[in-house]
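Enquirer: Would you mind keeping the following structure in view while I ask a few things?
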There are 4 protein chains.
Amino acid sequence: MTQGRVGILGASGYTGAELLRLLAGHAEFDVVRVSADSNAGAMVGDLYPSLASVYGGMRYEPTDPAAFAGLDLVFCGLPHGESQNLAPDLVDRVAHVVDLGADFRLSATDHERWYGHAHTCPELLDRFTYGLVEFHREELRTAEHVAVPGCYPTTVSIALAPLFADGLVDPTTVIADCASGVSGAGRGLKTTSLFTETDGNFSAYGLLTHRHTAEMELVLSEVGRTTATVLFTPHLAPMSRGILATCYARPVVAGLTTDALLARYREYYAGEPFVLVTDEPSGTKATLGSNAVHVTVRHDPRTDTIVAIACLDNLVKGASGQAIQCANVVAGLPETTGLPLVGLAP
Amino acid sequence: MTQGRVGILGASGYTGAELLRLLAGHAEFDVVRVSADSNAGAMVGDLYPSLASVYGGMRYEPTDPAAFAGLDLVFCGLPHGESQNLAPDLVDRVAHVVDLGADFRLSATDHERWYGHAHTCPELLDRFTYGLVEFHREELRTAEHVAVPGCYPTTVSIALAPLFADGLVDPTTVIADCASGVSGAGRGLKTTSLFTETDGNFSAYGLLTHRHTAEMELVLSEVGRTTATVLFTPHLAPMSRGILATCYARPVVAGLTTDALLARYREYYAGEPFVLVTDEPSGTKATLGSNAVHVTVRHDPRTDTIVAIACLDNLVKGASGQAIQCANVVAGLPETTGLPLVGLAP
Amino acid sequence: MTQGRVGILGASGYTGAELLRLLAGHAEFDVVRVSADSNAGAMVGDLYPSLASVYGGMRYEPTDPAAFAGLDLVFCGLPHGESQNLAPDLVDRVAHVVDLGADFRLSATDHERWYGHAHTCPELLDRFTYGLVEFHREELRTAEHVAVPGCYPTTVSIALAPLFADGLVDPTTVIADCASGVSGAGRGLKTTSLFTETDGNFSAYGLLTHRHTAEMELVLSEVGRTTATVLFTPHLAPMSRGILATCYARPVVAGLTTDALLARYREYYAGEPFVLVTDEPSGTKATLGSNAVHVTVRHDPRTDTIVAIACLDNLVKGASGQAIQCANVVAGLPETTGLPLVGLAP
Amino acid sequence: MTQGRVGILGASGYTGAELLRLLAGHAEFDVVRVSADSNAGAMVGDLYPSLASVYGGMRYEPTDPAAFAGLDLVFCGLPHGESQNLAPDLVDRVAHVVDLGADFRLSATDHERWYGHAHTCPELLDRFTYGLVEFHREELRTAEHVAVPGCYPTTVSIALAPLFADGLVDPTTVIADCASGVSGAGRGLKTTSLFTETDGNFSAYGLLTHRHTAEMELVLSEVGRTTATVLFTPHLAPMSRGILATCYARPVVAGLTTDALLARYREYYAGEPFVLVTDEPSGTKATLGSNAVHVTVRHDPRTDTIVAIACLDNLVKGASGQAIQCANVVAGLPETTGLPLVGLAP
């Protein structure tokens, strides 16, 4: 596909706005219509002055799948649960749906377990391919629709995959201690998202029960051909963007060293355009605005524990960038089309 | 010029790093060598992990103009005063020098007055064209070398130029009250640049004597064919990037209205790819990472005063982006080549 | 009064929480009950974990003036307009009302002009004394009820008062260019108060029409025995607390110097426990958490303009601290009782 | 001791400034002299305008122990290693030394192991009592000199102590994943402490080898009468103050529940004025400026792991506040004298 006609359902939230930002520099995808719910009727440039120079004349229309019929590709940036409601009216009307929500990531059973209610269209689940590109590239080449992974599972999976691929760790000992910027909570109005509540504040939330745990366990189990359990603790950091995952696991083999692990990580991710293995741990800002993931690893001989650290921009590689990366693969385009490799620092 | 071979002298500071970030997406300029002083010998990717994916193999070499001889274009991101020292060895060895420092912006007289010491190579001043592109585009098309304007003068001049062009204000009544992010102070080690000193802090500095005043007065005097005086108060805001200028001036004509001024601003900046006139005042974040300038204007009937507000990213339109915009014009390329129009928000 | 029994109506917002924080260290005022609207029934310590150690057992009750009858002093931290509604049921039931809202700051005429609707109990206006303590100390000693000034008017008035007291400036030339932290917008849910919208952002708002203009003009007119007009431009800075006012005015006398102005400011504010005249401009963080105001002044000979700069913590001297300062005076206590003089820096 | 005459050696750094801030509100300790090295000769109020209102007339003198002879109590806020150099000249000249540095926290053996060089006055180590007050209160009552614990060890030890006291966890399975604000790095000039490098950035540092590990292991081993090993990963968060520790350990007993653990924590810390056990995890900002520690705990039945979370202000309970708490105990004063219990939020 070249010069694909693209639409975005739910384009007034942060992942939708980030899709618009990135697609402004994409040579092959042309955004022809965008929808919103409460913001329907507003101009894109009024809601996001940052986008006004490019999308000055574009207006949010109501979220109506019929209006998007015939498009080559439709991204969904909808609140959780809404993709399920729209999908039956959408999946046969457009060539490809790329859903940034959680609606089509898990099996019906896991969905009900972690999200607390039954999936409303389980019969469609098989038509969506889970797209953590580094691990599902081949499936994506022939995928019809795509479920884009969550931000935390992307970070944690990339941090730990080489260990699981090689069977180096006990899959029941994984701890994923993560921090995210506030944009992960979206543009909705919540007291905990106020500047005054978050500025100068670092806090843990979602203890023991965060829904992204399910995705982490699925990906790591798949990569490791095992059954992984993950204890996941998310934190909220006083910054707009960025996720850093510090992951711990106990080795099952002796003789590991940091140098050997770093070498193995470099080998494992060789050729991956967006994964950079670094000797020293990068901070989230190194990836700001880019689709890059930086990862490093250590073996602690004192406690015989492996520490793997990865970071990325939660709105890019953790959401909209990865969605475009998926779409590029699905569309047969070069995977890096329209995706920045360098971060906005300082 | 296409596929120009480009070098950067002083590429380890923030404006140098920002040049590298932007040029990573520039189709025609190819960065072939970069220099640094204290960081000579370091890898670009070690100093700036954000750039490692693209410039992983590039190393800072010592700042030696001779090594840059023969290049099509050399950007200088040097500390103030160093361009003067290097220029005699550089200006005849490369096709175009684009200097981001203040060394070649003012006349020898003004330089001595505002910077407190005599210019060391005044005979070269005529070979540099001051490049606030929106006002000097024609001169730039045939320019040999370029002096890129300062961040504050760019913001203030764009905020006020339509008023001066039309002779609407008393040129002796201009107050420019501005706030800048901390990156404007560079990467040097200063207590006032520490996170702990700046976080949660808003402060004024450089009262009455900031050197950028001279540039503001020059540009406005030129645009208005008059003699402008500006009272400039810079402030430091707790953010990495961004400048917002809130400018005041007394009208000399009666009957002004906000609507009429907004219409005149839109007309004046029609066709300018990077200037967006908005009804409501944009915040700095709307321009983050982009080369855009957002501007609005008001007439206050209570006090008969005009308020003009502009904002931009000090490292892009206020420095490295404008430098590339200048270089594009000098090289005969489309002016927007490699320059983002959309901001990184949220 | 010693060991006064104190209540707070509207104690779940930021000014209410700040009253609780400060009163925890006040030797003479004992907070015996607090009210809230939507948060009625909640524990203080659940809404504000920062207060839990001291107010762990205190619960917000519904906002019912009758329940507060008989108290020595009641602070009102209510949203604008609600004090007007409650006042008739309150002013005769408690010894002193100290209202942090804007309801009793202006005359009925000015209130209607700036707030857009008629005052609902204009007959009570005379029973409230406007309490910018540095200028109204004597009236406060015998006041029944108090209207605590707004945060911006407090800052701007303290910055400019010595100039007006001495008749040094043209009262029609005042520009007050101010920046505030986000807490000034309160704890209510607004998109513009989200971390993601404010972080890294500096923006102007309320152009030409901010309601605090009226108070600035009243105080300066009174101090200067003249008719002052102020052009006020507020900005939102990416920080939780703090206001800095950079004020401009044209002198009406010749021969002014910065040194003479600084000396005059020191003389004018001699003996004021909370006003510190500094040679160099302080940043807002110097006053964080304290009731201090820092002020400095300059005369610019180039443009013959005076620049006066003041900063304070908008929730302390700009609201709850000043309210306690007022209450101390009304109660005949030492004015500094319970009010921190030092700021929380870094 | 009442009205003790107090001095501070190394009062120009952040812990020294915080001692001055807190002691301004301390009824019994009177700061009579302060020293600095590179800042000797400066006025306290010039270096810290936040302190000018109270310490306006105080000047830093050179760091000379002889000048402090005869004082009742001397706090040392010196860079690491300097207390060792000064101690021989100080310990016999003043009644009590309270050292905020790491010089007298570890045994000579551990000091050499973790700090990489031999202790210069090991014979003095026995005269210093390690003062994590909640666990060493009795020793402190009769202590001569005090070594104030590090910020991370204080947080981690309070988070985990009840588990160790009761022998509930395998002492070799502890992971302490922590985040700190930038003030923990002090006021020294480092690129990594610049606003531009830290703002919007979250990063790990000191992987596997941070020196505070030794203190954590010492305290937990002592509390648990066992041999604890801790894998400690510190992170830098974009905020000025605050530490949050998220700690993991594997139980050695069956049948644990979150409710039972919370009850046990409440019992264990009953009567501790500065430790607040909360149901929900507090963020660091809840403790800003106060000497409070907030702690909560969870048992995860999925992975059979305990998660314990504590937070505090690294400059208060993590340094200067705890130093004063120690000094209060040593001096026989009420332990809470001069120490705020409520945090500065928002």
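Numbering starts fresh at 1 for the residues of each chain in the structure tokens, the chains themselves are lettered A, B, ... in the order given, and ligands are numbered from 1 as they appear.
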Which residues, written as a PDB file with N, CA and C atoms, in the first residue's frame, have at least one atom at most 10 Å from Gly255 (chain D), with only C-alpha atoms counted and residues fewer than 3 positions away on the same chain left out?
Expert:
```
ATOM      1  N   PRO D 251       8.220 -14.133  51.521  1.00  0.00           N
ATOM      2  CA  PRO D 251       7.871 -14.593  52.874  1.00  0.00           C
ATOM      3  C   PRO D 251       8.478 -15.969  53.148  1.00  0.00           C
ATOM      4  N   ALA D 260      -3.512  -8.435  57.510  1.00  0.00           N
ATOM      5  CA  ALA D 260      -2.740  -8.794  58.701  1.00  0.00           C
ATOM      6  C   ALA D 260      -1.430  -8.014  58.752  1.00  0.00           C
ATOM      7  N   HIS D 299       0.646  -8.021  50.572  1.00  0.00           N
ATOM      8  CA  HIS D 299       1.066  -9.377  50.231  1.00  0.00           C
ATOM      9  C   HIS D 299       0.388  -9.760  48.924  1.00  0.00           C
ATOM     10  N   PRO D 301      -0.726 -12.582  46.667  1.00  0.00           N
ATOM     11  CA  PRO D 301      -0.901 -14.036  46.680  1.00  0.00           C
ATOM     12  C   PRO D 301      -0.515 -14.684  45.354  1.00  0.00           C
ATOM     13  N   ASP D 304       3.320 -14.725  45.766  1.00  0.00           N
ATOM     14  CA  ASP D 304       3.782 -14.891  47.145  1.00  0.00           C
ATOM     15  C   ASP D 304       4.977 -13.989  47.449  1.00  0.00           C
TER      16      ASP D 304
END
```
Enquirer: Would you give me, as a tab-separated table, each residue of chain D having an atom within 9 Å of an atom of chain C, along with its shortest atom pair and that distance in Å to one decimal, using only C-alpha atoms and sorting by chain and residue number?
Expert:
```
residue	atom	partner	partner_atom	distance
D:Tyr14	CA	C:Pro346	CA	7.1
D:Ala17	CA	C:Ala345	CA	8.1
D:Glu18	CA	C:Ala345	CA	7.8
D:Arg21	CA	C:Val342	CA	6.3
D:Leu22	CA	C:Val342	CA	8.9
D:Ala24	CA	C:Val342	CA	7.7
D:Gly25	CA	C:Pro340	CA	8.1
D:Tyr48	CA	C:Ala286	CA	7.5
D:Pro49	CA	C:Ala286	CA	5.6
D:Ser50	CA	C:Ala286	CA	4.1
D:Leu51	CA	C:Val342	CA	5.1
D:Ala52	CA	C:Val342	CA	7.5
D:Ser53	CA	C:Leu341	CA	6.2
D:Val54	CA	C:Val342	CA	6.8
D:Ser183	CA	C:Pro346	CA	7.2
D:Asp199	CA	C:Gly200	CA	8.8
D:Gly200	CA	C:Gly200	CA	8.6
D:Ser240	CA	C:Pro346	CA	6.8
D:Arg241	CA	C:Pro346	CA	8.0
D:Pro273	CA	C:Ser53	CA	8.1
D:Phe274	CA	C:Ser53	CA	7.9
D:Val275	CA	C:Ser53	CA	8.6
D:Leu276	CA	C:Ser53	CA	6.8
D:Thr278	CA	C:Pro49	CA	8.7
D:Ser282	CA	C:Pro49	CA	6.9
D:Gly283	CA	C:Pro49	CA	8.7
D:Lys285	CA	C:Ser50	CA	7.5
D:Ala286	CA	C:Ser50	CA	4.1
D:Thr287	CA	C:Ser50	CA	5.9
D:Leu288	CA	C:Ser50	CA	7.9
D:Gly289	CA	C:Leu344	CA	7.0
D:Ser290	CA	C:Ser50	CA	8.7
D:Ala292	CA	C:Ser53	CA	8.0
D:His294	CA	C:Pro49	CA	8.9
D:Pro340	CA	C:Gly25	CA	8.1
D:Leu341	CA	C:Ser53	CA	6.2
D:Val342	CA	C:Leu51	CA	5.1
D:Gly343	CA	C:Ser50	CA	4.5
D:Leu344	CA	C:Ser50	CA	7.0
D:Ala345	CA	C:Ser50	CA	6.4
D:Pro346	CA	C:Ser240	CA	6.8
```
Enquirer: Per DSSP on the backbone, what are the helix (DSSP H, G or I) residues of region 107-267 of chain A, as JSON, numbers by chain?
Expert: {"A": [108, 109, 110, 111, 112, 113, 114, 115, 122, 123, 124, 125, 126, 127, 133, 134, 135, 136, 137, 138, 139, 140, 141, 151, 152, 153, 154, 155, 156, 157, 158, 159, 160, 161, 162, 163, 164, 165, 182, 183, 184, 185, 191, 192, 193, 195, 196, 197, 198, 212, 213, 214, 215, 216, 217, 218, 219, 220, 221, 222, 223, 224, 258, 259, 260, 261, 262, 263, 264, 265, 266, 267]}
Enquirer: Which of region 197-260 of chain C counts as strand (DSSP E) under DSSP, as a PyMOL selection string please?
Expert: chain C and resi 203-204+230-236+243-249
Enquirer: Extract, using only C-alpha atoms, all DNA, RNA and protein residues at most 10 Å from Thr258 (chain D), discarding same-chain residues fewer than 2 positions from it, and format them as a PyMOL selection string.
Expert: chain D and resi 256+260-264+279+296-301+306-307
Enquirer: Any chance you could export the current selection's all heavy atoms as an mmCIF file, in the first residue's frame?
Expert:
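In the end it all went to out32.cif:
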```
data_model
loop_
_atom_site.group_PDB
_atom_site.id
_atom_site.type_symbol
_atom_site.label_atom_id
_atom_site.label_comp_id
_atom_site.auth_asym_id
_atom_site.auth_seq_id
_atom_site.Cartn_x
_atom_site.Cartn_y
_atom_site.Cartn_z
ATOM 1 N N LEU D 256 0.120 -15.314 54.987
ATOM 2 C CA LEU D 256 0.141 -13.857 55.141
ATOM 3 C C LEU D 256 -0.969 -13.214 54.316
ATOM 4 O O LEU D 256 -1.322 -13.699 53.240
ATOM 5 C CB LEU D 256 1.492 -13.309 54.680
ATOM 6 C CG LEU D 256 2.685 -13.666 55.557
ATOM 7 C CD1 LEU D 256 3.963 -13.140 54.913
ATOM 8 C CD2 LEU D 256 2.510 -13.079 56.952
ATOM 9 N N ALA D 260 -3.512 -8.435 57.510
ATOM 10 C CA ALA D 260 -2.740 -8.794 58.701
ATOM 11 C C ALA D 260 -1.430 -8.014 58.752
ATOM 12 O O ALA D 260 -0.994 -7.562 59.823
ATOM 13 C CB ALA D 260 -2.471 -10.298 58.714
ATOM 14 N N LEU D 261 -0.818 -7.836 57.595
ATOM 15 C CA LEU D 261 0.441 -7.091 57.570
ATOM 16 C C LEU D 261 0.222 -5.631 57.944
ATOM 17 O O LEU D 261 0.998 -5.048 58.711
ATOM 18 C CB LEU D 261 1.090 -7.195 56.184
ATOM 19 C CG LEU D 261 1.700 -8.559 55.840
ATOM 20 C CD1 LEU D 261 2.118 -8.596 54.371
ATOM 21 C CD2 LEU D 261 2.926 -8.835 56.727
ATOM 22 N N LEU D 262 -0.830 -5.031 57.396
ATOM 23 C CA LEU D 262 -1.113 -3.636 57.749
ATOM 24 C C LEU D 262 -1.356 -3.494 59.249
ATOM 25 O O LEU D 262 -0.880 -2.548 59.891
ATOM 26 C CB LEU D 262 -2.329 -3.130 56.964
ATOM 27 C CG LEU D 262 -2.064 -2.709 55.515
ATOM 28 C CD1 LEU D 262 -3.384 -2.501 54.767
ATOM 29 C CD2 LEU D 262 -1.217 -1.431 55.458
ATOM 30 N N ALA D 263 -2.094 -4.439 59.815
ATOM 31 C CA ALA D 263 -2.356 -4.397 61.261
ATOM 32 C C ALA D 263 -1.053 -4.505 62.044
ATOM 33 O O ALA D 263 -0.826 -3.787 63.029
ATOM 34 C CB ALA D 263 -3.317 -5.513 61.653
ATOM 35 N N ARG D 264 -0.185 -5.384 61.578
ATOM 36 C CA ARG D 264 1.084 -5.569 62.276
ATOM 37 C C ARG D 264 1.949 -4.318 62.171
ATOM 38 O O ARG D 264 2.612 -3.912 63.134
ATOM 39 C CB ARG D 264 1.815 -6.781 61.689
ATOM 40 C CG ARG D 264 3.175 -7.047 62.281
ATOM 41 C CD ARG D 264 3.111 -7.338 63.774
ATOM 42 N NE ARG D 264 4.441 -7.435 64.380
ATOM 43 C CZ ARG D 264 4.839 -6.734 65.442
ATOM 44 N NH1 ARG D 264 3.997 -5.902 66.044
ATOM 45 N NH2 ARG D 264 6.053 -6.866 65.919
ATOM 46 N N ASP D 279 -3.338 2.944 54.553
ATOM 47 C CA ASP D 279 -3.902 1.864 53.748
ATOM 48 C C ASP D 279 -3.457 1.965 52.293
ATOM 49 O O ASP D 279 -3.046 0.982 51.689
ATOM 50 C CB ASP D 279 -5.434 1.905 53.816
ATOM 51 C CG ASP D 279 -5.951 1.446 55.165
ATOM 52 O OD1 ASP D 279 -5.183 0.826 55.922
ATOM 53 O OD2 ASP D 279 -7.132 1.709 55.456
ATOM 54 N N THR D 296 3.255 1.721 53.710
ATOM 55 C CA THR D 296 2.170 0.761 53.546
ATOM 56 C C THR D 296 2.771 -0.568 53.104
ATOM 57 O O THR D 296 3.963 -0.648 52.799
ATOM 58 C CB THR D 296 1.094 1.257 52.556
ATOM 59 O OG1 THR D 296 -0.089 0.453 52.698
ATOM 60 C CG2 THR D 296 1.586 1.175 51.120
ATOM 61 N N VAL D 297 1.941 -1.603 53.064
ATOM 62 C CA VAL D 297 2.476 -2.934 52.777
ATOM 63 C C VAL D 297 1.399 -3.774 52.092
ATOM 64 O O VAL D 297 0.194 -3.541 52.285
ATOM 65 C CB VAL D 297 2.970 -3.589 54.096
ATOM 66 C CG1 VAL D 297 1.816 -3.881 55.044
ATOM 67 C CG2 VAL D 297 3.775 -4.856 53.827
ATOM 68 N N ARG D 298 1.838 -4.714 51.264
ATOM 69 C CA ARG D 298 0.940 -5.619 50.571
ATOM 70 C C ARG D 298 1.526 -7.031 50.544
ATOM 71 O O ARG D 298 2.753 -7.189 50.486
ATOM 72 C CB ARG D 298 0.752 -5.195 49.097
ATOM 73 C CG ARG D 298 0.038 -3.880 48.859
ATOM 74 C CD ARG D 298 -1.434 -3.963 49.217
ATOM 75 N NE ARG D 298 -2.136 -2.735 48.898
ATOM 76 C CZ ARG D 298 -2.108 -1.621 49.649
ATOM 77 N NH1 ARG D 298 -1.394 -1.589 50.761
ATOM 78 N NH2 ARG D 298 -2.806 -0.567 49.296
ATOM 79 N N HIS D 299 0.646 -8.021 50.572
ATOM 80 C CA HIS D 299 1.066 -9.377 50.231
ATOM 81 C C HIS D 299 0.388 -9.760 48.924
ATOM 82 O O HIS D 299 -0.829 -9.652 48.787
ATOM 83 C CB HIS D 299 0.675 -10.388 51.315
ATOM 84 C CG HIS D 299 1.027 -11.796 50.909
ATOM 85 N ND1 HIS D 299 0.087 -12.700 50.433
ATOM 86 C CD2 HIS D 299 2.224 -12.442 50.859
ATOM 87 C CE1 HIS D 299 0.694 -13.836 50.128
ATOM 88 N NE2 HIS D 299 1.978 -13.717 50.388
ATOM 89 N N ASP D 300 1.210 -10.176 47.954
ATOM 90 C CA ASP D 300 0.670 -10.578 46.656
ATOM 91 C C ASP D 300 0.499 -12.091 46.635
ATOM 92 O O ASP D 300 1.500 -12.828 46.567
ATOM 93 C CB ASP D 300 1.624 -10.147 45.540
ATOM 94 C CG ASP D 300 1.082 -10.539 44.171
ATOM 95 O OD1 ASP D 300 -0.160 -10.625 44.020
ATOM 96 O OD2 ASP D 300 1.895 -10.758 43.244
ATOM 97 N N PRO D 301 -0.726 -12.582 46.667
ATOM 98 C CA PRO D 301 -0.901 -14.036 46.680
ATOM 99 C C PRO D 301 -0.515 -14.684 45.354
ATOM 100 O O PRO D 301 -0.139 -15.861 45.340
ATOM 101 C CB PRO D 301 -2.405 -14.195 46.964
ATOM 102 C CG PRO D 301 -3.043 -12.896 46.591
ATOM 103 C CD PRO D 301 -2.000 -11.841 46.772
ATOM 104 N N ILE D 306 5.976 -10.054 49.278
ATOM 105 C CA ILE D 306 5.545 -8.878 50.039
ATOM 106 C C ILE D 306 6.105 -7.627 49.378
ATOM 107 O O ILE D 306 7.271 -7.600 48.966
ATOM 108 C CB ILE D 306 6.022 -8.963 51.502
ATOM 109 C CG1 ILE D 306 5.378 -10.177 52.190
ATOM 110 C CG2 ILE D 306 5.680 -7.676 52.257
ATOM 111 C CD1 ILE D 306 5.848 -10.386 53.606
ATOM 112 N N VAL D 307 5.234 -6.639 49.254
ATOM 113 C CA VAL D 307 5.642 -5.333 48.739
ATOM 114 C C VAL D 307 5.440 -4.322 49.860
ATOM 115 O O VAL D 307 4.326 -4.162 50.357
ATOM 116 C CB VAL D 307 4.801 -4.927 47.511
ATOM 117 C CG1 VAL D 307 5.330 -3.634 46.913
ATOM 118 C CG2 VAL D 307 4.764 -6.041 46.472
#
```
Enquirer: What's the 8 Å shell around region 136-152 of chain C, counting only C-alpha atoms, without same-chain residues fewer than 4 positions away, as a ChimeraX atom specification?
Expert: /C:91,95-105,127-132,156,178,212,215-216,243,245,314-315,317-319,322-323,326,329-332
Enquirer: Could you list, as a VMD selection string, every residue within 6 Å of region 157-159 of chain C, counting only C-alpha atoms and ignoring same-chain residues fewer than 5 positions away?
Expert: chain C and resid 308 to 310
Enquirer: Could you dump the residues just selected with N, CA, C and O atoms as an mmCIF file, in the first residue's frame?
Expert:
```cif
data_model
loop_
_atom_site.group_PDB
_atom_site.id
_atom_site.type_symbol
_atom_site.label_atom_id
_atom_site.label_comp_id
_atom_site.auth_asym_id
_atom_site.auth_seq_id
_atom_site.Cartn_x
_atom_site.Cartn_y
_atom_site.Cartn_z
ATOM 1 N N ALA C 308 9.469 47.219 39.017
ATOM 2 C CA ALA C 308 9.376 46.744 40.406
ATOM 3 C C ALA C 308 8.939 45.285 40.373
ATOM 4 O O ALA C 308 7.996 44.927 39.665
ATOM 5 N N ILE C 309 9.634 44.454 41.123
ATOM 6 C CA ILE C 309 9.405 43.010 41.076
ATOM 7 C C ILE C 309 9.140 42.488 42.479
ATOM 8 O O ILE C 309 9.908 42.777 43.407
ATOM 9 N N ALA C 310 8.067 41.734 42.624
ATOM 10 C CA ALA C 310 7.769 41.118 43.919
ATOM 11 C C ALA C 310 7.378 39.668 43.701
ATOM 12 O O ALA C 310 6.841 39.297 42.650
#
```
Enquirer: CA of Leu333 (chain D) and CA of Gly70 (chain D) are how many Å apart?
Expert: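 Separating CA of Leu333 (chain D) from CA of Gly70 (chain D) is a distance of 19.9 Å.
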